[in-house]
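Student: Next up is a structure, given as C-alpha cells.
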Amino acid sequence: MDKKANSETSEMDTLKKLAILDLVMKGVSQGDIADILGVSDATVSSMFPKGVLKKYRGKGRIDG
C-alpha cells in the first residue's frame with residue numbers, strides 16, 4: 001500500500017472512531033453500535049483503550 005492510501009485508511013479509521021465515540025456519548029449502547037457495524041461488541045471495544053467507552057458513555061446526551 002502506498003503512503004497516500006495508507007494515510008487515507010488511517011484517516012478513515014480515525015473518523016470511524018470519532019463517530020463511534022459520538023454515538024456512545026449520545027447514549028447508544030456498545031451492543032447497538034456493534035450490530036450497526038456488523039461486528040461483535042469485543043471488536044468495538046478493542047478499537048479504544050480500556051475504559052474509554054465507559055468513561056464517555058452518555059456524556060453528550062441532550063435531555064429535553
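Naming scheme: A, B, ... for chains in displayed order of the C-alpha cells; residues 1 onward per chain; ligands 1 onward as shown.
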Chain A: which residues are helix (DSSP H, G or I) by DSSP, as a PyMOL selection string?
Tutor: chain A and resi 3-25+30-37+41-46+52-56
Student: Hey, what's within 8 Å of Gly27 (chain A) if we count only C-alpha atoms and toss same-chain stuff fewer than 5 positions away? As a list in words, please?
Tutor: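 The residues that qualify are Arg57, Gly58, Lys59, Gly60 and Arg61 of chain A.
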Student: Export N, CA, C and O atoms of the chosen residues as a PDB file, in the first residue's frame?
Tutor:
ATOM      1  N   ARG A  57     -19.621   7.229  28.145  1.00  0.00           N
ATOM      2  CA  ARG A  57     -20.979   6.789  27.894  1.00  0.00           C
ATOM      3  C   ARG A  57     -21.987   7.785  28.450  1.00  0.00           C
ATOM      4  O   ARG A  57     -21.993   8.102  29.631  1.00  0.00           O
ATOM      5  N   GLY A  58     -22.828   8.319  27.574  1.00  0.00           N
ATOM      6  CA  GLY A  58     -23.909   9.203  27.975  1.00  0.00           C
ATOM      7  C   GLY A  58     -23.480  10.641  28.302  1.00  0.00           C
ATOM      8  O   GLY A  58     -24.295  11.446  28.697  1.00  0.00           O
ATOM      9  N   LYS A  59     -22.203  10.974  28.128  1.00  0.00           N
ATOM     10  CA  LYS A  59     -21.710  12.324  28.489  1.00  0.00           C
ATOM     11  C   LYS A  59     -22.203  13.411  27.553  1.00  0.00           C
ATOM     12  O   LYS A  59     -22.217  14.578  27.911  1.00  0.00           O
ATOM     13  N   GLY A  60     -22.625  13.042  26.340  1.00  0.00           N
ATOM     14  CA  GLY A  60     -23.068  14.053  25.379  1.00  0.00           C
ATOM     15  C   GLY A  60     -24.556  14.040  25.161  1.00  0.00           C
ATOM     16  O   GLY A  60     -25.064  14.621  24.216  1.00  0.00           O
ATOM     17  N   ARG A  61     -25.250  13.372  26.061  1.00  0.00           N
ATOM     18  CA  ARG A  61     -26.694  13.223  25.910  1.00  0.00           C
ATOM     19  C   ARG A  61     -27.389  14.571  26.067  1.00  0.00           C
ATOM     20  O   ARG A  61     -27.082  15.350  26.972  1.00  0.00           O
TER      21      ARG A  61
END
